[in-house]
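Each remark here refers to the structure printed beneath this line.
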Amino acid sequence: MEQRILQYRKQIDEWLTEMEQNVQTLSQHGEYATQAIQRQSDTQKTNIEKNDIEKTDTEEQTIQEMVQDKLKEHLVQVGFFQHERLIHLIVTVTFALLEMLAIVLSVISDSLFTLLLPIVILILLIPYIRHYYILENEVQKMYVQYDRMQRLQQTAAGSKIEKPER
């Protein structure tokens with residue numbers, strides 16, 4: 001599961017970077033097209049303007065649809081990872097409580113089993129804590145990706161381009 005979440009998040013980061021560059025390029029081409037239209041004569045201006053507007057609108061709509069589809073997919077993936085995170089939190093807390101109980105039991109009793117039990121539980125608890133830590137941080141990063149996707153969608157819709165938070 002750990003590799004899956006890391007790989008998925010990396011894939012989305014790469015996709016977002018590519019899409020942000022595409023939207024910036026589209027925005028720049030729109031600016032250049034506007035400047036070119038301003039230089040044309042009045043009779044040619046309307047034909048060029050209509051073609052450029054239609055082309056830009058189609059590209060913006062295509063990007064918006066791609067981002068919308070990716071947003072839906074991303075929300076599903078975040079849901080899966082949130083569920084996984086919840087399960088691991090429950091398991092980690094259970095192991096931590098068992099560790100505390102084993103420590104109390106080893107203080108009360110003098111048998112070898114009760115002395116080794118806290119050590120065995122601790123050995124099992126450490127990987128769970130590490131895994132839960134990774135899940136928690138990656139899901140938080142996925143929330144940032146979701147925010148970037150929403151900004152990208154707004155930008156593709158013609159809104160002002162904003163710098164992504166990192």
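Following the order of the structure tokens, chains are lettered A, B, ..., residues in each are numbered from 1, and ligands are numbered from 1.
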For this session: Quick one: everything within 9 Å of Gln153 (chain A), counting only C-alpha atoms, minus sequence neighbours fewer than 6 positions away in the same chain. Send it as number ranges by chain.
Result: A: 63-68, 159
Exercise. So, counting only C-alpha atoms, which residue among A:Leu115, A:Leu6, A:Met1, A:Ile103 is closest to Asn137 (chain A)?
Worked result: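 Closest to Asn137 (chain A) of all the choices is A:Leu6.
Of the residues listed (A:Ser111, A:Gly79, A:Val120, A:Glu136), A:Glu136 shows the shortest atom-to-atom separation from Glu2 (chain A); distances use only C-alpha atoms.
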All residues 12 Å or closer to region 16-19 of chain A, only C-alpha atoms, same chain fewer than 4 positions away omitted, as a PDB file with N, CA, C and O atoms, in the first residue's frame:
```
ATOM      1  N   ARG A   9       0.826   9.456  -5.964  1.00  0.00           N
ATOM      2  CA  ARG A   9       1.057  10.873  -5.699  1.00  0.00           C
ATOM      3  C   ARG A   9       2.095  11.443  -6.662  1.00  0.00           C
ATOM      4  O   ARG A   9       1.950  12.540  -7.169  1.00  0.00           O
ATOM      5  N   LYS A  10       3.131  10.668  -6.961  1.00  0.00           N
ATOM      6  CA  LYS A  10       4.158  11.113  -7.915  1.00  0.00           C
ATOM      7  C   LYS A  10       3.548  11.287  -9.308  1.00  0.00           C
ATOM      8  O   LYS A  10       3.824  12.265 -10.003  1.00  0.00           O
ATOM      9  N   GLN A  11       2.713  10.342  -9.707  1.00  0.00           N
ATOM     10  CA  GLN A  11       2.055  10.407 -11.010  1.00  0.00           C
ATOM     11  C   GLN A  11       1.179  11.664 -11.110  1.00  0.00           C
ATOM     12  O   GLN A  11       1.209  12.361 -12.123  1.00  0.00           O
ATOM     13  N   ILE A  12       0.446  11.978 -10.061  1.00  0.00           N
ATOM     14  CA  ILE A  12      -0.419  13.153 -10.070  1.00  0.00           C
ATOM     15  C   ILE A  12       0.416  14.429 -10.092  1.00  0.00           C
ATOM     16  O   ILE A  12       0.074  15.397 -10.783  1.00  0.00           O
ATOM     17  N   VAL A  23      -1.614  24.979 -19.560  1.00  0.00           N
ATOM     18  CA  VAL A  23      -2.524  26.101 -19.340  1.00  0.00           C
ATOM     19  C   VAL A  23      -1.776  27.424 -19.467  1.00  0.00           C
ATOM     20  O   VAL A  23      -2.289  28.380 -20.045  1.00  0.00           O
ATOM     21  N   GLN A  24      -0.544  27.457 -18.956  1.00  0.00           N
ATOM     22  CA  GLN A  24       0.249  28.680 -19.103  1.00  0.00           C
ATOM     23  C   GLN A  24       0.543  28.962 -20.571  1.00  0.00           C
ATOM     24  O   GLN A  24       0.454  30.101 -21.023  1.00  0.00           O
ATOM     25  N   THR A  25       0.878  27.931 -21.319  1.00  0.00           N
ATOM     26  CA  THR A  25       1.137  28.083 -22.748  1.00  0.00           C
ATOM     27  C   THR A  25      -0.124  28.564 -23.466  1.00  0.00           C
ATOM     28  O   THR A  25      -0.066  29.469 -24.293  1.00  0.00           O
ATOM     29  N   LEU A  26      -1.247  27.972 -23.122  1.00  0.00           N
ATOM     30  CA  LEU A  26      -2.517  28.372 -23.714  1.00  0.00           C
ATOM     31  C   LEU A  26      -2.818  29.826 -23.379  1.00  0.00           C
ATOM     32  O   LEU A  26      -3.243  30.595 -24.245  1.00  0.00           O
ATOM     33  N   GLU A  60      -9.630  25.354 -23.944  1.00  0.00           N
ATOM     34  CA  GLU A  60      -9.942  25.562 -22.529  1.00  0.00           C
ATOM     35  C   GLU A  60     -10.975  24.549 -22.048  1.00  0.00           C
ATOM     36  O   GLU A  60     -10.849  23.997 -20.964  1.00  0.00           O
ATOM     37  N   THR A  62     -11.557  21.547 -23.298  1.00  0.00           N
ATOM     38  CA  THR A  62     -10.925  20.230 -23.253  1.00  0.00           C
ATOM     39  C   THR A  62     -10.100  20.081 -21.970  1.00  0.00           C
ATOM     40  O   THR A  62     -10.183  19.059 -21.292  1.00  0.00           O
ATOM     41  N   ILE A  63      -9.324  21.101 -21.658  1.00  0.00           N
ATOM     42  CA  ILE A  63      -8.513  21.050 -20.427  1.00  0.00           C
ATOM     43  C   ILE A  63      -9.413  20.987 -19.207  1.00  0.00           C
ATOM     44  O   ILE A  63      -9.153  20.216 -18.278  1.00  0.00           O
ATOM     45  N   GLN A  64     -10.490  21.766 -19.206  1.00  0.00           N
ATOM     46  CA  GLN A  64     -11.414  21.741 -18.074  1.00  0.00           C
ATOM     47  C   GLN A  64     -11.999  20.344 -17.880  1.00  0.00           C
ATOM     48  O   GLN A  64     -12.111  19.860 -16.749  1.00  0.00           O
ATOM     49  N   MET A  66     -10.674  17.473 -18.847  1.00  0.00           N
ATOM     50  CA  MET A  66      -9.616  16.574 -18.375  1.00  0.00           C
ATOM     51  C   MET A  66      -9.377  16.761 -16.876  1.00  0.00           C
ATOM     52  O   MET A  66      -9.253  15.785 -16.127  1.00  0.00           O
ATOM     53  N   VAL A  67      -9.321  18.013 -16.453  1.00  0.00           N
ATOM     54  CA  VAL A  67      -9.089  18.292 -15.032  1.00  0.00           C
ATOM     55  C   VAL A  67     -10.267  17.808 -14.204  1.00  0.00           C
ATOM     56  O   VAL A  67     -10.088  17.235 -13.122  1.00  0.00           O
ATOM     57  N   LYS A  70      -9.999  14.115 -13.783  1.00  0.00           N
ATOM     58  CA  LYS A  70      -8.896  13.805 -12.870  1.00  0.00           C
ATOM     59  C   LYS A  70      -9.283  14.148 -11.430  1.00  0.00           C
ATOM     60  O   LYS A  70      -8.913  13.429 -10.498  1.00  0.00           O
ATOM     61  N   LEU A  71     -10.045  15.228 -11.248  1.00  0.00           N
ATOM     62  CA  LEU A  71     -10.517  15.601  -9.907  1.00  0.00           C
ATOM     63  C   LEU A  71     -11.390  14.501  -9.309  1.00  0.00           C
ATOM     64  O   LEU A  71     -11.224  14.135  -8.143  1.00  0.00           O
ATOM     65  N   HIS A  74      -9.250  11.556  -8.465  1.00  0.00           N
ATOM     66  CA  HIS A  74      -8.407  11.885  -7.309  1.00  0.00           C
ATOM     67  C   HIS A  74      -9.202  11.791  -6.005  1.00  0.00           C
ATOM     68  O   HIS A  74      -8.691  11.277  -5.004  1.00  0.00           O
ATOM     69  N   MET A 142      -1.901  14.898  -0.780  1.00  0.00           N
ATOM     70  CA  MET A 142      -2.952  14.723  -1.780  1.00  0.00           C
ATOM     71  C   MET A 142      -4.005  15.825  -1.669  1.00  0.00           C
ATOM     72  O   MET A 142      -4.604  16.215  -2.682  1.00  0.00           O
ATOM     73  N   VAL A 144      -3.291  18.899  -0.947  1.00  0.00           N
ATOM     74  CA  VAL A 144      -2.653  20.018  -1.654  1.00  0.00           C
ATOM     75  C   VAL A 144      -2.791  19.810  -3.163  1.00  0.00           C
ATOM     76  O   VAL A 144      -3.063  20.762  -3.909  1.00  0.00           O
ATOM     77  N   GLN A 145      -2.626  18.584  -3.620  1.00  0.00           N
ATOM     78  CA  GLN A 145      -2.798  18.294  -5.043  1.00  0.00           C
ATOM     79  C   GLN A 145      -4.223  18.620  -5.490  1.00  0.00           C
ATOM     80  O   GLN A 145      -4.435  19.168  -6.575  1.00  0.00           O
ATOM     81  N   TYR A 146      -5.187  18.269  -4.672  1.00  0.00           N
ATOM     82  CA  TYR A 146      -6.582  18.555  -4.998  1.00  0.00           C
ATOM     83  C   TYR A 146      -6.795  20.056  -5.148  1.00  0.00           C
ATOM     84  O   TYR A 146      -7.464  20.507  -6.096  1.00  0.00           O
ATOM     85  N   ASP A 147      -6.205  20.838  -4.237  1.00  0.00           N
ATOM     86  CA  ASP A 147      -6.318  22.297  -4.330  1.00  0.00           C
ATOM     87  C   ASP A 147      -5.670  22.806  -5.617  1.00  0.00           C
ATOM     88  O   ASP A 147      -6.204  23.706  -6.277  1.00  0.00           O
ATOM     89  N   ARG A 148      -4.524  22.242  -5.983  1.00  0.00           N
ATOM     90  CA  ARG A 148      -3.862  22.628  -7.238  1.00  0.00           C
ATOM     91  C   ARG A 148      -4.746  22.303  -8.437  1.00  0.00           C
ATOM     92  O   ARG A 148      -4.829  23.083  -9.393  1.00  0.00           O
ATOM     93  N   MET A 149      -5.419  21.155  -8.392  1.00  0.00           N
ATOM     94  CA  MET A 149      -6.306  20.767  -9.489  1.00  0.00           C
ATOM     95  C   MET A 149      -7.468  21.751  -9.617  1.00  0.00           C
ATOM     96  O   MET A 149      -7.855  22.109 -10.734  1.00  0.00           O
ATOM     97  N   GLN A 150      -8.012  22.175  -8.496  1.00  0.00           N
ATOM     98  CA  GLN A 150      -9.109  23.145  -8.549  1.00  0.00           C
ATOM     99  C   GLN A 150      -8.633  24.479  -9.125  1.00  0.00           C
ATOM    100  O   GLN A 150      -9.333  25.084  -9.933  1.00  0.00           O
ATOM    101  N   ARG A 151      -7.451  24.939  -8.724  1.00  0.00           N
ATOM    102  CA  ARG A 151      -6.901  26.176  -9.283  1.00  0.00           C
ATOM    103  C   ARG A 151      -6.649  26.021 -10.778  1.00  0.00           C
ATOM    104  O   ARG A 151      -6.888  26.941 -11.558  1.00  0.00           O
ATOM    105  N   LEU A 152      -6.170  24.854 -11.168  1.00  0.00           N
ATOM    106  CA  LEU A 152      -5.917  24.586 -12.588  1.00  0.00           C
ATOM    107  C   LEU A 152      -7.212  24.641 -13.382  1.00  0.00           C
ATOM    108  O   LEU A 152      -7.262  25.213 -14.470  1.00  0.00           O
ATOM    109  N   GLN A 153      -8.263  24.089 -12.820  1.00  0.00           N
ATOM    110  CA  GLN A 153      -9.562  24.106 -13.488  1.00  0.00           C
ATOM    111  C   GLN A 153     -10.073  25.543 -13.621  1.00  0.00           C
ATOM    112  O   GLN A 153     -10.584  25.931 -14.667  1.00  0.00           O
ATOM    113  N   THR A 155      -8.220  28.213 -13.705  1.00  0.00           N
ATOM    114  CA  THR A 155      -7.330  28.882 -14.657  1.00  0.00           C
ATOM    115  C   THR A 155      -7.724  28.526 -16.085  1.00  0.00           C
ATOM    116  O   THR A 155      -7.766  29.385 -16.962  1.00  0.00           O
ATOM    117  N   ALA A 156      -8.027  27.262 -16.316  1.00  0.00           N
ATOM    118  CA  ALA A 156      -8.438  26.822 -17.650  1.00  0.00           C
ATOM    119  C   ALA A 156      -9.768  27.454 -18.039  1.00  0.00           C
ATOM    120  O   ALA A 156     -10.048  27.641 -19.220  1.00  0.00           O
ATOM    121  N   LYS A 163      -0.178  31.185  -8.468  1.00  0.00           N
ATOM    122  CA  LYS A 163       0.956  30.317  -8.159  1.00  0.00           C
ATOM    123  C   LYS A 163       0.479  29.229  -7.206  1.00  0.00           C
ATOM    124  O   LYS A 163      -0.200  29.514  -6.222  1.00  0.00           O
ATOM    125  N   PRO A 164       0.832  27.947  -7.445  1.00  0.00           N
ATOM    126  CA  PRO A 164       0.439  26.882  -6.532  1.00  0.00           C
ATOM    127  C   PRO A 164       1.209  26.962  -5.231  1.00  0.00           C
ATOM    128  O   PRO A 164       2.370  27.347  -5.207  1.00  0.00           O
TER     129      PRO A 164
END
```
Problem set entry | CA of Tyr8 (chain A) to CA of Tyr133 (chain A), straight-line distance in Å |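 So the answer is 17.0 Å.
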For this session: Quick one: everything within 12 Å of Ile87 (chain A), counting only C-alpha atoms, minus sequence neighbours fewer than 5 positions away in the same chain. Send it as a PyMOL selection string.
Result: chain A and resi 80-82+92-94+128+131-132+135-136
For this session: Find the residue from A:Leu125, A:Val76, A:Ile108, A:Ala157 that sits nearest to Val91 (chain A); use only C-alpha atoms when measuring.
Result: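 Of A:Leu125, A:Val76, A:Ile108, A:Ala157, the one nearest Val91 (chain A), counting only C-alpha atoms, is A:Leu125.
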